[in-house]
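J.: File name data.txt; file contents compact mmCIF, N, CA and C atoms; full text below.
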# COMPACT_ATOMS: atom_id res chain seq x y z
N MET A 699 23.15 -38.62 -24.07
CA MET A 699 24.26 -37.74 -24.44
C MET A 699 23.94 -36.33 -23.96
N LEU A 700 24.96 -35.67 -23.41
CA LEU A 700 24.74 -34.36 -22.82
C LEU A 700 24.44 -33.26 -23.85
N VAL A 701 25.04 -33.37 -25.01
CA VAL A 701 24.76 -32.37 -26.04
C VAL A 701 23.58 -32.88 -26.86
N THR A 702 22.55 -32.07 -26.90
CA THR A 702 21.38 -32.50 -27.66
C THR A 702 21.62 -32.33 -29.15
N VAL A 703 20.83 -33.04 -29.89
CA VAL A 703 20.94 -33.00 -31.34
C VAL A 703 20.72 -31.59 -31.86
N TRP A 704 19.78 -30.86 -31.26
CA TRP A 704 19.48 -29.52 -31.76
C TRP A 704 20.66 -28.57 -31.60
N VAL A 705 21.50 -28.76 -30.55
CA VAL A 705 22.69 -27.91 -30.39
C VAL A 705 23.65 -28.16 -31.54
N ALA A 706 23.84 -29.42 -31.89
CA ALA A 706 24.75 -29.75 -32.98
C ALA A 706 24.25 -29.20 -34.31
N TRP A 707 22.95 -29.29 -34.56
CA TRP A 707 22.41 -28.78 -35.82
C TRP A 707 22.34 -27.25 -35.81
N PHE A 708 22.10 -26.65 -34.66
CA PHE A 708 22.14 -25.19 -34.56
C PHE A 708 23.56 -24.70 -34.86
N HIS A 709 24.53 -25.43 -34.33
CA HIS A 709 25.94 -25.12 -34.60
C HIS A 709 26.22 -25.19 -36.10
N ALA A 710 25.77 -26.26 -36.74
CA ALA A 710 25.96 -26.41 -38.19
C ALA A 710 25.25 -25.29 -38.94
N GLY A 711 24.04 -24.93 -38.50
CA GLY A 711 23.29 -23.85 -39.16
C GLY A 711 24.00 -22.51 -39.06
N ALA A 712 24.55 -22.20 -37.88
CA ALA A 712 25.29 -20.95 -37.72
C ALA A 712 26.50 -20.92 -38.63
N THR A 713 27.19 -22.06 -38.70
CA THR A 713 28.36 -22.14 -39.58
C THR A 713 27.97 -21.95 -41.04
N LEU A 714 26.90 -22.61 -41.47
CA LEU A 714 26.47 -22.47 -42.87
C LEU A 714 26.05 -21.04 -43.20
N ALA A 715 25.36 -20.38 -42.27
CA ALA A 715 24.98 -18.98 -42.49
C ALA A 715 26.23 -18.11 -42.63
N LEU A 716 27.23 -18.36 -41.80
CA LEU A 716 28.47 -17.59 -41.88
C LEU A 716 29.24 -17.88 -43.16
N ILE A 717 29.18 -19.11 -43.63
CA ILE A 717 29.84 -19.45 -44.90
C ILE A 717 29.18 -18.66 -46.04
N GLY A 718 27.86 -18.64 -46.05
CA GLY A 718 27.16 -17.86 -47.08
C GLY A 718 27.51 -16.39 -47.00
N LEU A 719 27.55 -15.87 -45.79
CA LEU A 719 27.87 -14.45 -45.60
C LEU A 719 29.29 -14.13 -46.06
N VAL A 720 30.25 -14.96 -45.65
CA VAL A 720 31.64 -14.65 -45.99
C VAL A 720 31.88 -14.75 -47.49
N TRP A 721 31.24 -15.70 -48.17
CA TRP A 721 31.39 -15.79 -49.62
C TRP A 721 30.77 -14.58 -50.31
N PHE A 722 29.61 -14.13 -49.83
CA PHE A 722 28.98 -12.94 -50.40
C PHE A 722 29.88 -11.72 -50.21
N VAL A 723 30.39 -11.57 -49.00
CA VAL A 723 31.27 -10.42 -48.72
C VAL A 723 32.52 -10.49 -49.58
N GLN A 724 33.11 -11.69 -49.71
CA GLN A 724 34.36 -11.83 -50.46
C GLN A 724 34.18 -11.58 -51.95
N LEU A 725 33.10 -12.10 -52.52
CA LEU A 725 32.93 -12.01 -53.97
C LEU A 725 32.16 -10.78 -54.44
N VAL A 726 31.34 -10.21 -53.55
CA VAL A 726 30.50 -9.08 -53.97
C VAL A 726 30.85 -7.80 -53.22
N HIS A 727 30.75 -7.85 -51.91
CA HIS A 727 30.82 -6.60 -51.16
C HIS A 727 32.21 -6.01 -51.06
N TYR A 728 33.20 -6.79 -50.65
CA TYR A 728 34.55 -6.23 -50.55
C TYR A 728 35.08 -5.72 -51.89
N PRO A 729 34.88 -6.44 -53.00
CA PRO A 729 35.35 -5.88 -54.27
C PRO A 729 34.70 -4.54 -54.62
N LEU A 730 33.47 -4.33 -54.18
CA LEU A 730 32.80 -3.06 -54.48
C LEU A 730 33.39 -1.87 -53.72
N PHE A 731 34.16 -2.13 -52.68
CA PHE A 731 34.79 -1.02 -51.95
C PHE A 731 35.59 -0.14 -52.89
N GLY A 732 36.27 -0.76 -53.85
CA GLY A 732 37.09 0.00 -54.78
C GLY A 732 36.29 0.84 -55.75
N ALA A 733 35.00 0.54 -55.91
CA ALA A 733 34.16 1.28 -56.84
C ALA A 733 33.48 2.49 -56.21
N VAL A 734 33.52 2.55 -54.89
CA VAL A 734 32.88 3.68 -54.20
C VAL A 734 33.91 4.79 -54.11
N GLY A 735 33.60 5.91 -54.65
CA GLY A 735 34.59 6.97 -54.75
C GLY A 735 34.55 8.01 -53.65
N GLY A 736 35.66 8.66 -53.49
CA GLY A 736 35.84 9.85 -52.69
C GLY A 736 35.13 9.92 -51.37
N PRO A 737 34.44 11.03 -51.16
CA PRO A 737 33.84 11.28 -49.85
C PRO A 737 32.73 10.29 -49.48
N ALA A 738 32.14 9.64 -50.44
CA ALA A 738 31.06 8.69 -50.16
C ALA A 738 31.59 7.41 -49.51
N PHE A 739 32.88 7.13 -49.66
CA PHE A 739 33.40 5.87 -49.17
C PHE A 739 33.29 5.73 -47.66
N ARG A 740 33.60 6.77 -46.91
CA ARG A 740 33.58 6.66 -45.44
C ARG A 740 32.20 6.24 -44.94
N GLY A 741 31.15 6.86 -45.45
CA GLY A 741 29.80 6.50 -45.04
C GLY A 741 29.42 5.09 -45.49
N TYR A 742 29.81 4.76 -46.71
CA TYR A 742 29.54 3.43 -47.24
C TYR A 742 30.21 2.37 -46.38
N HIS A 743 31.47 2.59 -46.06
CA HIS A 743 32.22 1.65 -45.25
C HIS A 743 31.63 1.55 -43.84
N ARG A 744 31.31 2.67 -43.25
CA ARG A 744 30.71 2.70 -41.91
C ARG A 744 29.42 1.86 -41.90
N ASP A 745 28.58 2.06 -42.90
CA ASP A 745 27.33 1.31 -42.98
C ASP A 745 27.59 -0.17 -43.22
N HIS A 746 28.58 -0.50 -44.04
CA HIS A 746 28.93 -1.91 -44.26
C HIS A 746 29.30 -2.57 -42.94
N VAL A 747 30.19 -1.94 -42.18
CA VAL A 747 30.65 -2.52 -40.92
C VAL A 747 29.48 -2.68 -39.94
N ARG A 748 28.67 -1.66 -39.82
CA ARG A 748 27.55 -1.70 -38.87
C ARG A 748 26.52 -2.76 -39.28
N ARG A 749 26.10 -2.74 -40.53
CA ARG A 749 25.05 -3.65 -40.98
C ARG A 749 25.53 -5.10 -41.02
N THR A 750 26.75 -5.31 -41.49
CA THR A 750 27.28 -6.66 -41.53
C THR A 750 27.50 -7.18 -40.11
N GLY A 751 27.93 -6.30 -39.22
CA GLY A 751 28.14 -6.69 -37.82
C GLY A 751 26.88 -7.19 -37.15
N TRP A 752 25.73 -6.59 -37.48
CA TRP A 752 24.47 -7.04 -36.89
C TRP A 752 24.13 -8.47 -37.30
N ILE A 753 24.65 -8.91 -38.42
CA ILE A 753 24.43 -10.29 -38.88
C ILE A 753 25.56 -11.20 -38.39
N ALA A 754 26.79 -10.78 -38.61
CA ALA A 754 27.93 -11.64 -38.34
C ALA A 754 28.17 -11.87 -36.85
N ALA A 755 28.07 -10.85 -36.04
CA ALA A 755 28.42 -10.98 -34.61
C ALA A 755 27.56 -12.02 -33.89
N PRO A 756 26.23 -11.96 -33.99
CA PRO A 756 25.45 -13.00 -33.29
C PRO A 756 25.71 -14.40 -33.82
N LEU A 757 25.91 -14.52 -35.13
CA LEU A 757 26.19 -15.84 -35.70
C LEU A 757 27.55 -16.37 -35.24
N MET A 758 28.56 -15.49 -35.20
CA MET A 758 29.88 -15.92 -34.74
C MET A 758 29.84 -16.32 -33.27
N LEU A 759 29.12 -15.56 -32.46
CA LEU A 759 29.00 -15.91 -31.04
C LEU A 759 28.24 -17.23 -30.86
N ALA A 760 27.19 -17.43 -31.64
CA ALA A 760 26.43 -18.69 -31.56
C ALA A 760 27.30 -19.86 -32.00
N GLU A 761 28.06 -19.67 -33.07
CA GLU A 761 28.93 -20.73 -33.55
C GLU A 761 29.97 -21.09 -32.50
N LEU A 762 30.58 -20.08 -31.89
CA LEU A 762 31.59 -20.32 -30.86
C LEU A 762 30.98 -21.00 -29.64
N ALA A 763 29.85 -20.47 -29.14
CA ALA A 763 29.24 -21.03 -27.93
C ALA A 763 28.79 -22.48 -28.13
N THR A 764 28.14 -22.75 -29.25
CA THR A 764 27.69 -24.13 -29.49
C THR A 764 28.87 -25.06 -29.77
N GLY A 765 29.90 -24.54 -30.42
CA GLY A 765 31.10 -25.35 -30.65
C GLY A 765 31.79 -25.72 -29.35
N LEU A 766 31.87 -24.75 -28.43
CA LEU A 766 32.45 -25.04 -27.12
C LEU A 766 31.59 -26.02 -26.33
N ALA A 767 30.27 -25.86 -26.41
CA ALA A 767 29.37 -26.79 -25.73
C ALA A 767 29.56 -28.21 -26.25
N ILE A 768 29.69 -28.35 -27.55
CA ILE A 768 29.92 -29.67 -28.14
C ILE A 768 31.26 -30.24 -27.68
N ALA A 769 32.29 -29.37 -27.62
CA ALA A 769 33.61 -29.84 -27.20
C ALA A 769 33.61 -30.30 -25.74
N VAL A 770 32.90 -29.57 -24.89
CA VAL A 770 32.90 -29.88 -23.47
C VAL A 770 31.94 -31.03 -23.14
N LEU A 771 30.76 -31.01 -23.74
CA LEU A 771 29.71 -31.96 -23.36
C LEU A 771 29.44 -33.04 -24.39
N GLY A 772 30.10 -32.96 -25.52
CA GLY A 772 29.78 -33.83 -26.64
C GLY A 772 30.31 -35.24 -26.51
N PRO A 773 30.16 -35.98 -27.57
CA PRO A 773 30.50 -37.41 -27.54
C PRO A 773 32.00 -37.65 -27.49
N SER A 774 32.33 -38.84 -27.05
CA SER A 774 33.73 -39.27 -27.11
C SER A 774 33.88 -40.17 -28.34
N GLY A 775 35.05 -40.65 -28.54
CA GLY A 775 35.25 -41.58 -29.65
C GLY A 775 35.83 -40.92 -30.88
N ALA A 776 35.51 -41.52 -32.01
CA ALA A 776 36.12 -41.14 -33.28
C ALA A 776 35.82 -39.71 -33.70
N VAL A 777 34.71 -39.13 -33.24
CA VAL A 777 34.34 -37.78 -33.65
C VAL A 777 35.12 -36.70 -32.88
N ARG A 778 35.73 -37.04 -31.75
CA ARG A 778 36.45 -36.04 -30.93
C ARG A 778 37.48 -35.24 -31.72
N PRO A 779 38.34 -35.88 -32.51
CA PRO A 779 39.32 -35.08 -33.26
C PRO A 779 38.65 -34.06 -34.19
N LEU A 780 37.52 -34.43 -34.79
CA LEU A 780 36.81 -33.48 -35.66
C LEU A 780 36.28 -32.30 -34.87
N ILE A 781 35.82 -32.54 -33.66
CA ILE A 781 35.33 -31.45 -32.82
C ILE A 781 36.46 -30.45 -32.58
N TRP A 782 37.65 -30.96 -32.27
CA TRP A 782 38.78 -30.06 -32.01
C TRP A 782 39.30 -29.40 -33.28
N ILE A 783 39.24 -30.10 -34.40
CA ILE A 783 39.59 -29.48 -35.68
C ILE A 783 38.62 -28.34 -35.98
N GLY A 784 37.34 -28.59 -35.76
CA GLY A 784 36.33 -27.55 -35.98
C GLY A 784 36.58 -26.33 -35.11
N LEU A 785 36.90 -26.55 -33.83
CA LEU A 785 37.18 -25.42 -32.95
C LEU A 785 38.47 -24.70 -33.35
N ALA A 786 39.45 -25.44 -33.81
CA ALA A 786 40.69 -24.80 -34.28
C ALA A 786 40.39 -23.89 -35.47
N LEU A 787 39.52 -24.34 -36.36
CA LEU A 787 39.13 -23.50 -37.50
C LEU A 787 38.37 -22.25 -37.04
N VAL A 788 37.53 -22.39 -36.02
CA VAL A 788 36.86 -21.22 -35.45
C VAL A 788 37.90 -20.26 -34.88
N GLY A 789 38.91 -20.80 -34.21
CA GLY A 789 39.99 -19.95 -33.69
C GLY A 789 40.72 -19.21 -34.78
N ILE A 790 40.96 -19.87 -35.90
CA ILE A 790 41.61 -19.22 -37.05
C ILE A 790 40.73 -18.08 -37.57
N VAL A 791 39.44 -18.34 -37.69
CA VAL A 791 38.51 -17.32 -38.17
C VAL A 791 38.53 -16.11 -37.24
N TRP A 792 38.45 -16.35 -35.92
CA TRP A 792 38.44 -15.24 -34.97
C TRP A 792 39.77 -14.49 -35.00
N PHE A 793 40.87 -15.20 -35.09
CA PHE A 793 42.19 -14.55 -35.19
C PHE A 793 42.23 -13.65 -36.42
N LEU A 794 41.89 -14.20 -37.57
CA LEU A 794 41.92 -13.41 -38.80
C LEU A 794 40.99 -12.19 -38.70
N THR A 795 39.82 -12.40 -38.12
CA THR A 795 38.84 -11.32 -38.01
C THR A 795 39.38 -10.18 -37.16
N PHE A 796 39.83 -10.51 -35.95
CA PHE A 796 40.14 -9.45 -34.99
C PHE A 796 41.58 -8.96 -35.02
N VAL A 797 42.50 -9.78 -35.53
CA VAL A 797 43.90 -9.36 -35.57
C VAL A 797 44.28 -8.77 -36.93
N ILE A 798 43.63 -9.23 -37.99
CA ILE A 798 44.02 -8.76 -39.33
C ILE A 798 42.92 -7.92 -39.99
N LEU A 799 41.70 -8.42 -40.03
CA LEU A 799 40.65 -7.72 -40.78
C LEU A 799 40.12 -6.48 -40.07
N VAL A 800 39.92 -6.55 -38.77
CA VAL A 800 39.42 -5.36 -38.06
C VAL A 800 40.40 -4.18 -38.20
N PRO A 801 41.71 -4.37 -38.04
CA PRO A 801 42.62 -3.24 -38.27
C PRO A 801 42.54 -2.68 -39.70
N GLN A 802 42.34 -3.54 -40.69
CA GLN A 802 42.19 -3.05 -42.06
C GLN A 802 40.91 -2.22 -42.19
N HIS A 803 39.85 -2.67 -41.53
CA HIS A 803 38.61 -1.90 -41.54
C HIS A 803 38.78 -0.55 -40.84
N ARG A 804 39.57 -0.52 -39.78
CA ARG A 804 39.84 0.77 -39.12
C ARG A 804 40.53 1.74 -40.07
N THR A 805 41.50 1.22 -40.80
CA THR A 805 42.20 2.06 -41.79
C THR A 805 41.22 2.55 -42.85
N LEU A 806 40.38 1.65 -43.35
CA LEU A 806 39.41 2.03 -44.38
C LEU A 806 38.34 2.96 -43.82
N GLY A 807 38.07 2.89 -42.53
CA GLY A 807 37.09 3.78 -41.92
C GLY A 807 37.49 5.24 -42.01
N ALA A 808 38.78 5.50 -42.13
CA ALA A 808 39.27 6.87 -42.27
C ALA A 808 39.19 7.36 -43.71
N GLY A 809 38.94 6.47 -44.64
CA GLY A 809 38.89 6.81 -46.06
C GLY A 809 39.49 5.68 -46.88
N TYR A 810 39.15 5.64 -48.13
CA TYR A 810 39.62 4.54 -48.97
C TYR A 810 41.13 4.53 -49.03
N ASP A 811 41.69 3.36 -48.81
CA ASP A 811 43.13 3.13 -48.88
C ASP A 811 43.34 1.86 -49.71
N ARG A 812 43.94 2.01 -50.87
CA ARG A 812 44.09 0.88 -51.79
C ARG A 812 44.84 -0.29 -51.16
N ALA A 813 45.92 -0.01 -50.44
CA ALA A 813 46.71 -1.09 -49.83
C ALA A 813 45.90 -1.82 -48.76
N ALA A 814 45.14 -1.09 -47.95
CA ALA A 814 44.31 -1.72 -46.92
C ALA A 814 43.21 -2.55 -47.57
N HIS A 815 42.65 -2.05 -48.67
CA HIS A 815 41.61 -2.78 -49.37
C HIS A 815 42.15 -4.09 -49.93
N ARG A 816 43.30 -4.04 -50.55
CA ARG A 816 43.92 -5.25 -51.11
C ARG A 816 44.26 -6.25 -50.00
N SER A 817 44.77 -5.74 -48.88
CA SER A 817 45.09 -6.60 -47.75
C SER A 817 43.83 -7.25 -47.17
N LEU A 818 42.76 -6.49 -47.10
CA LEU A 818 41.48 -7.00 -46.62
C LEU A 818 40.99 -8.13 -47.52
N LEU A 819 41.01 -7.92 -48.81
CA LEU A 819 40.58 -8.96 -49.75
C LEU A 819 41.43 -10.23 -49.64
N ARG A 820 42.72 -10.04 -49.53
CA ARG A 820 43.64 -11.18 -49.45
C ARG A 820 43.42 -11.96 -48.14
N ALA A 821 43.38 -11.26 -47.03
CA ALA A 821 43.21 -11.93 -45.73
C ALA A 821 41.84 -12.60 -45.62
N ASN A 822 40.83 -11.99 -46.22
CA ASN A 822 39.50 -12.57 -46.13
C ASN A 822 39.40 -13.88 -46.91
N TRP A 823 40.27 -14.09 -47.90
CA TRP A 823 40.28 -15.39 -48.58
C TRP A 823 40.63 -16.51 -47.59
N TYR A 824 41.55 -16.26 -46.67
CA TYR A 824 41.92 -17.27 -45.67
C TYR A 824 40.74 -17.54 -44.74
N ARG A 825 40.05 -16.48 -44.35
CA ARG A 825 38.87 -16.65 -43.49
C ARG A 825 37.78 -17.40 -44.25
N THR A 826 37.58 -17.08 -45.51
CA THR A 826 36.60 -17.76 -46.34
C THR A 826 36.93 -19.25 -46.44
N ALA A 827 38.20 -19.56 -46.63
CA ALA A 827 38.63 -20.96 -46.72
C ALA A 827 38.41 -21.69 -45.41
N ALA A 828 38.78 -21.06 -44.29
CA ALA A 828 38.62 -21.71 -42.99
C ALA A 828 37.15 -22.01 -42.71
N TRP A 829 36.27 -21.05 -42.98
CA TRP A 829 34.85 -21.30 -42.76
C TRP A 829 34.33 -22.37 -43.71
N SER A 830 34.78 -22.35 -44.95
CA SER A 830 34.30 -23.33 -45.93
C SER A 830 34.72 -24.75 -45.55
N VAL A 831 35.91 -24.92 -45.04
CA VAL A 831 36.37 -26.23 -44.60
C VAL A 831 35.53 -26.73 -43.43
N ARG A 832 34.99 -25.81 -42.66
CA ARG A 832 34.15 -26.21 -41.52
C ARG A 832 32.86 -26.91 -41.94
N ALA A 833 32.36 -26.66 -43.14
CA ALA A 833 31.07 -27.24 -43.55
C ALA A 833 31.03 -28.76 -43.40
N PRO A 834 31.93 -29.50 -44.04
CA PRO A 834 31.85 -30.96 -43.85
C PRO A 834 32.14 -31.39 -42.41
N VAL A 835 32.99 -30.63 -41.73
CA VAL A 835 33.32 -30.96 -40.34
C VAL A 835 32.08 -30.87 -39.46
N VAL A 836 31.34 -29.76 -39.55
CA VAL A 836 30.17 -29.60 -38.67
C VAL A 836 29.05 -30.56 -39.05
N PHE A 837 28.92 -30.89 -40.32
CA PHE A 837 27.91 -31.87 -40.70
C PHE A 837 28.27 -33.26 -40.16
N TRP A 838 29.53 -33.61 -40.23
CA TRP A 838 29.95 -34.91 -39.71
C TRP A 838 29.71 -34.98 -38.21
N ILE A 839 30.04 -33.89 -37.51
CA ILE A 839 29.82 -33.85 -36.05
C ILE A 839 28.34 -33.98 -35.74
N ALA A 840 27.50 -33.18 -36.42
CA ALA A 840 26.06 -33.22 -36.17
C ALA A 840 25.48 -34.60 -36.46
N ALA A 841 25.90 -35.19 -37.55
CA ALA A 841 25.41 -36.52 -37.91
C ALA A 841 25.86 -37.56 -36.88
N SER A 842 27.06 -37.40 -36.32
CA SER A 842 27.56 -38.33 -35.32
C SER A 842 26.81 -38.22 -33.99
N ILE A 843 26.37 -36.99 -33.69
CA ILE A 843 25.61 -36.77 -32.45
C ILE A 843 24.18 -37.24 -32.59
N ALA A 844 23.64 -37.09 -33.80
CA ALA A 844 22.26 -37.50 -34.04
C ALA A 844 22.16 -38.97 -33.95
Can you give me the file's structure in the form of structure tokens?
T.:
Amino acid sequence: MLVTVWVAWFHAGATLALIGLVWFVQLVHYPLFGAVGGPAFRGYHRDHVRRTGWIAAPLMLAELATGLAIAVLGPSGAVRPLIWIGLALVGIVWFLTFVILVPQHRTLGAGYDRAAHRSLLRANWYRTAAWSVRAPVVFWIAASIA
């Protein structure tokens, strides 16, 4: 098989790390935005974006690259639809991230905005759900390749 087992498990590992990160951000970090007051918010938000980006960006790129490798080089048969479902969920995550969440972060980067914060929390629930649904999908794919 062209896709090695380690690529499939690396893909699953990247997804699981992102699931942990998105749940932490959704339940802990994003809600705390509302507790940071006044002039301190801009710096707090800037640091959140920078520090979280150093973790999320490489993991998201790894997840996408290994997912595409599995789709192009992976097995045929019954697991194929799951591979495409998994990639569709990655597409949803990327869409939500760059079309909805990044603009909200830009607004918040200028200073705390209650409406942008609420929108960020709401939209991130969809991203959290999409990543969470990927967990059984990537495990099934990895187990099928192994």
J.: Please return the centre and edge lengths, in Å to one decimal, of a box with edges along x, y and z that contains all listed atoms of region 703-707 of chain A, widened by 6 Å on every side, as JSON.
T.:
{"center_x": 22.1, "center_y": -30.1, "center_z": -32.9, "size_x": 17.3, "size_y": 17.8, "size_z": 17.9}
J.: Check the smallest atom-to-atom distance from each of A:Thr713, A:Ile781, A:Gln802, A:Pro737 to Arg832 (chain A) using all atoms listed in the file, then report the winner.
T.: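 Looking at the shortest contact to Arg832 (chain A), the residue is A:Thr713.
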J.: What does the structure give for the distance between CA of Leu806 (chain A) and CA of Pro756 (chain A), in Å to one decimal?
T.: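 Between these atoms lies a distance of 23.3 Å.
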J.: Point out the residue among A:Gly807, A:Leu794, A:His746, A:Ala712 with the least atom-to-atom distance to Asn822 (chain A), counting only N, CA and C atoms.
T.: A:Leu794
J.: Just want the 10 Å neighbourhood of Leu725 (chain A), counted on only C-alpha atoms, with same-chain residues fewer than 5 positions away dropped. Output as a PyMOL selection string.
T.: chain A and resi 720+730+819+823
J.: Report, in Å with one decimal, the straight-line distance from atom C of Thr805 (chain A) to atom C of Val734 (chain A).
T.: 13.6 Å
J.: For region 785-791 of chain A, find every residue with an atom within 6 Å (counting all atoms listed in the file), except residues of its own chain fewer than 5 positions away, and show them as a PyMOL selection string.
T.: chain A and resi 780+796+825+828
J.: Store the residues of this selection in a file with N, CA and C atoms, as a compact mmCIF listing (two decimals), in the coordinates of the input.
T.:
# COMPACT_ATOMS: atom_id res chain seq x y z
N LEU A 780 37.52 -34.43 -34.79
CA LEU A 780 36.81 -33.48 -35.66
C LEU A 780 36.28 -32.30 -34.87
N PHE A 796 39.83 -10.51 -35.95
CA PHE A 796 40.14 -9.45 -34.99
C PHE A 796 41.58 -8.96 -35.02
N ARG A 825 40.05 -16.48 -44.35
CA ARG A 825 38.87 -16.65 -43.49
C ARG A 825 37.78 -17.40 -44.25
N ALA A 828 38.78 -21.06 -44.29
CA ALA A 828 38.62 -21.71 -42.99
C ALA A 828 37.15 -22.01 -42.71
J.: Which is closest to Ala840 (chain A) among A:Ala706, A:Val777, A:Ala733, A:Val770, if we use all atoms listed in the file?
T.: A:Ala706
J.: Which polymer residues have any atom within 12 Å of an atom of Trp792 (chain A), counting only C-alpha atoms, with same-chain residues fewer than 6 positions away left out, as a list in words?
T.: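 Those residues are Ala754, Ala755, Met758, Leu759, Glu761, Leu762, Leu785, Ala786, Ile798, Leu799, Val800, Asn822, Tyr824, Arg825, Thr826, Ala828 and Trp829 of chain A.
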J.: Can you list, as a PDB file with N, CA and C atoms, in the frame of the given file, every protein, DNA or RNA residue that comes within 7 Å of Gly809 (chain A) when you count all atoms listed in the file, leaving out same-chain residues fewer than 4 positions away?
T.:
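Printed below is around-v7.pdb as written:
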ATOM      1  N   PHE A 739      32.880   7.130 -49.660  1.00  0.00           N
ATOM      2  CA  PHE A 739      33.400   5.870 -49.170  1.00  0.00           C
ATOM      3  C   PHE A 739      33.290   5.730 -47.660  1.00  0.00           C
ATOM      4  N   ARG A 740      33.600   6.770 -46.910  1.00  0.00           N
ATOM      5  CA  ARG A 740      33.580   6.660 -45.440  1.00  0.00           C
ATOM      6  C   ARG A 740      32.200   6.240 -44.940  1.00  0.00           C
ATOM      7  N   ARG A 804      39.570  -0.520 -39.780  1.00  0.00           N
ATOM      8  CA  ARG A 804      39.840   0.770 -39.120  1.00  0.00           C
ATOM      9  C   ARG A 804      40.530   1.740 -40.070  1.00  0.00           C
ATOM     10  N   THR A 805      41.500   1.220 -40.800  1.00  0.00           N
ATOM     11  CA  THR A 805      42.200   2.060 -41.790  1.00  0.00           C
ATOM     12  C   THR A 805      41.220   2.550 -42.850  1.00  0.00           C
TER      13      THR A 805
END
J.: Would you work out the distance separating CA of Pro801 (chain A) from atom N of Ala821 (chain A), expressed in Å to one decimal?
T.: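 Value for the CA of Pro801 (chain A)-atom N of Ala821 (chain A) distance: 11.9 Å.
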J.: Could you pull out all residues of region 712-834 of chain A with a DSSP call of alpha helix (DSSP H) and give them as a ChimeraX atom specification?
T.: /A:712-722,728-730,738-771,778-793,800-807,812-834
J.: Take region 827-839 of chain A, bring it up to N, CA, C and O atoms, and give me the output as a PDB file, keeping the file's coordinate frame.
T.:
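So the final result, stored in out05.pdb, reads:
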ATOM      1  N   ALA A 827      38.200 -19.560 -46.630  1.00  0.00           N
ATOM      2  CA  ALA A 827      38.630 -20.960 -46.720  1.00  0.00           C
ATOM      3  C   ALA A 827      38.410 -21.690 -45.410  1.00  0.00           C
ATOM      4  O   ALA A 827      37.904 -22.816 -45.388  1.00  0.00           O
ATOM      5  N   ALA A 828      38.780 -21.060 -44.290  1.00  0.00           N
ATOM      6  CA  ALA A 828      38.620 -21.710 -42.990  1.00  0.00           C
ATOM      7  C   ALA A 828      37.150 -22.010 -42.710  1.00  0.00           C
ATOM      8  O   ALA A 828      36.808 -23.111 -42.254  1.00  0.00           O
ATOM      9  N   TRP A 829      36.270 -21.050 -42.980  1.00  0.00           N
ATOM     10  CA  TRP A 829      34.850 -21.300 -42.760  1.00  0.00           C
ATOM     11  C   TRP A 829      34.330 -22.370 -43.710  1.00  0.00           C
ATOM     12  O   TRP A 829      33.540 -23.226 -43.324  1.00  0.00           O
ATOM     13  N   SER A 830      34.780 -22.350 -44.950  1.00  0.00           N
ATOM     14  CA  SER A 830      34.300 -23.330 -45.930  1.00  0.00           C
ATOM     15  C   SER A 830      34.720 -24.750 -45.550  1.00  0.00           C
ATOM     16  O   SER A 830      33.935 -25.687 -45.720  1.00  0.00           O
ATOM     17  N   VAL A 831      35.910 -24.920 -45.040  1.00  0.00           N
ATOM     18  CA  VAL A 831      36.370 -26.230 -44.600  1.00  0.00           C
ATOM     19  C   VAL A 831      35.530 -26.730 -43.430  1.00  0.00           C
ATOM     20  O   VAL A 831      35.356 -27.935 -43.242  1.00  0.00           O
ATOM     21  N   ARG A 832      34.990 -25.810 -42.660  1.00  0.00           N
ATOM     22  CA  ARG A 832      34.150 -26.210 -41.520  1.00  0.00           C
ATOM     23  C   ARG A 832      32.860 -26.910 -41.940  1.00  0.00           C
ATOM     24  O   ARG A 832      32.305 -27.692 -41.174  1.00  0.00           O
ATOM     25  N   ALA A 833      32.360 -26.660 -43.140  1.00  0.00           N
ATOM     26  CA  ALA A 833      31.070 -27.240 -43.550  1.00  0.00           C
ATOM     27  C   ALA A 833      31.030 -28.760 -43.400  1.00  0.00           C
ATOM     28  O   ALA A 833      30.172 -29.284 -42.678  1.00  0.00           O
ATOM     29  N   PRO A 834      31.930 -29.500 -44.040  1.00  0.00           N
ATOM     30  CA  PRO A 834      31.850 -30.960 -43.850  1.00  0.00           C
ATOM     31  C   PRO A 834      32.140 -31.390 -42.410  1.00  0.00           C
ATOM     32  O   PRO A 834      31.598 -32.376 -41.929  1.00  0.00           O
ATOM     33  N   VAL A 835      32.990 -30.630 -41.730  1.00  0.00           N
ATOM     34  CA  VAL A 835      33.320 -30.960 -40.340  1.00  0.00           C
ATOM     35  C   VAL A 835      32.080 -30.870 -39.460  1.00  0.00           C
ATOM     36  O   VAL A 835      31.770 -31.803 -38.712  1.00  0.00           O
ATOM     37  N   VAL A 836      31.340 -29.760 -39.550  1.00  0.00           N
ATOM     38  CA  VAL A 836      30.170 -29.600 -38.670  1.00  0.00           C
ATOM     39  C   VAL A 836      29.050 -30.560 -39.050  1.00  0.00           C
ATOM     40  O   VAL A 836      28.322 -31.024 -38.161  1.00  0.00           O
ATOM     41  N   PHE A 837      28.920 -30.890 -40.320  1.00  0.00           N
ATOM     42  CA  PHE A 837      27.910 -31.870 -40.700  1.00  0.00           C
ATOM     43  C   PHE A 837      28.270 -33.260 -40.160  1.00  0.00           C
ATOM     44  O   PHE A 837      27.394 -34.000 -39.702  1.00  0.00           O
ATOM     45  N   TRP A 838      29.530 -33.610 -40.230  1.00  0.00           N
ATOM     46  CA  TRP A 838      29.950 -34.910 -39.710  1.00  0.00           C
ATOM     47  C   TRP A 838      29.710 -34.980 -38.210  1.00  0.00           C
ATOM     48  O   TRP A 838      29.241 -35.996 -37.672  1.00  0.00           O
ATOM     49  N   ILE A 839      30.040 -33.890 -37.510  1.00  0.00           N
ATOM     50  CA  ILE A 839      29.820 -33.850 -36.050  1.00  0.00           C
ATOM     51  C   ILE A 839      28.340 -33.980 -35.740  1.00  0.00           C
ATOM     52  O   ILE A 839      27.932 -34.783 -34.903  1.00  0.00           O
TER      53      ILE A 839
END
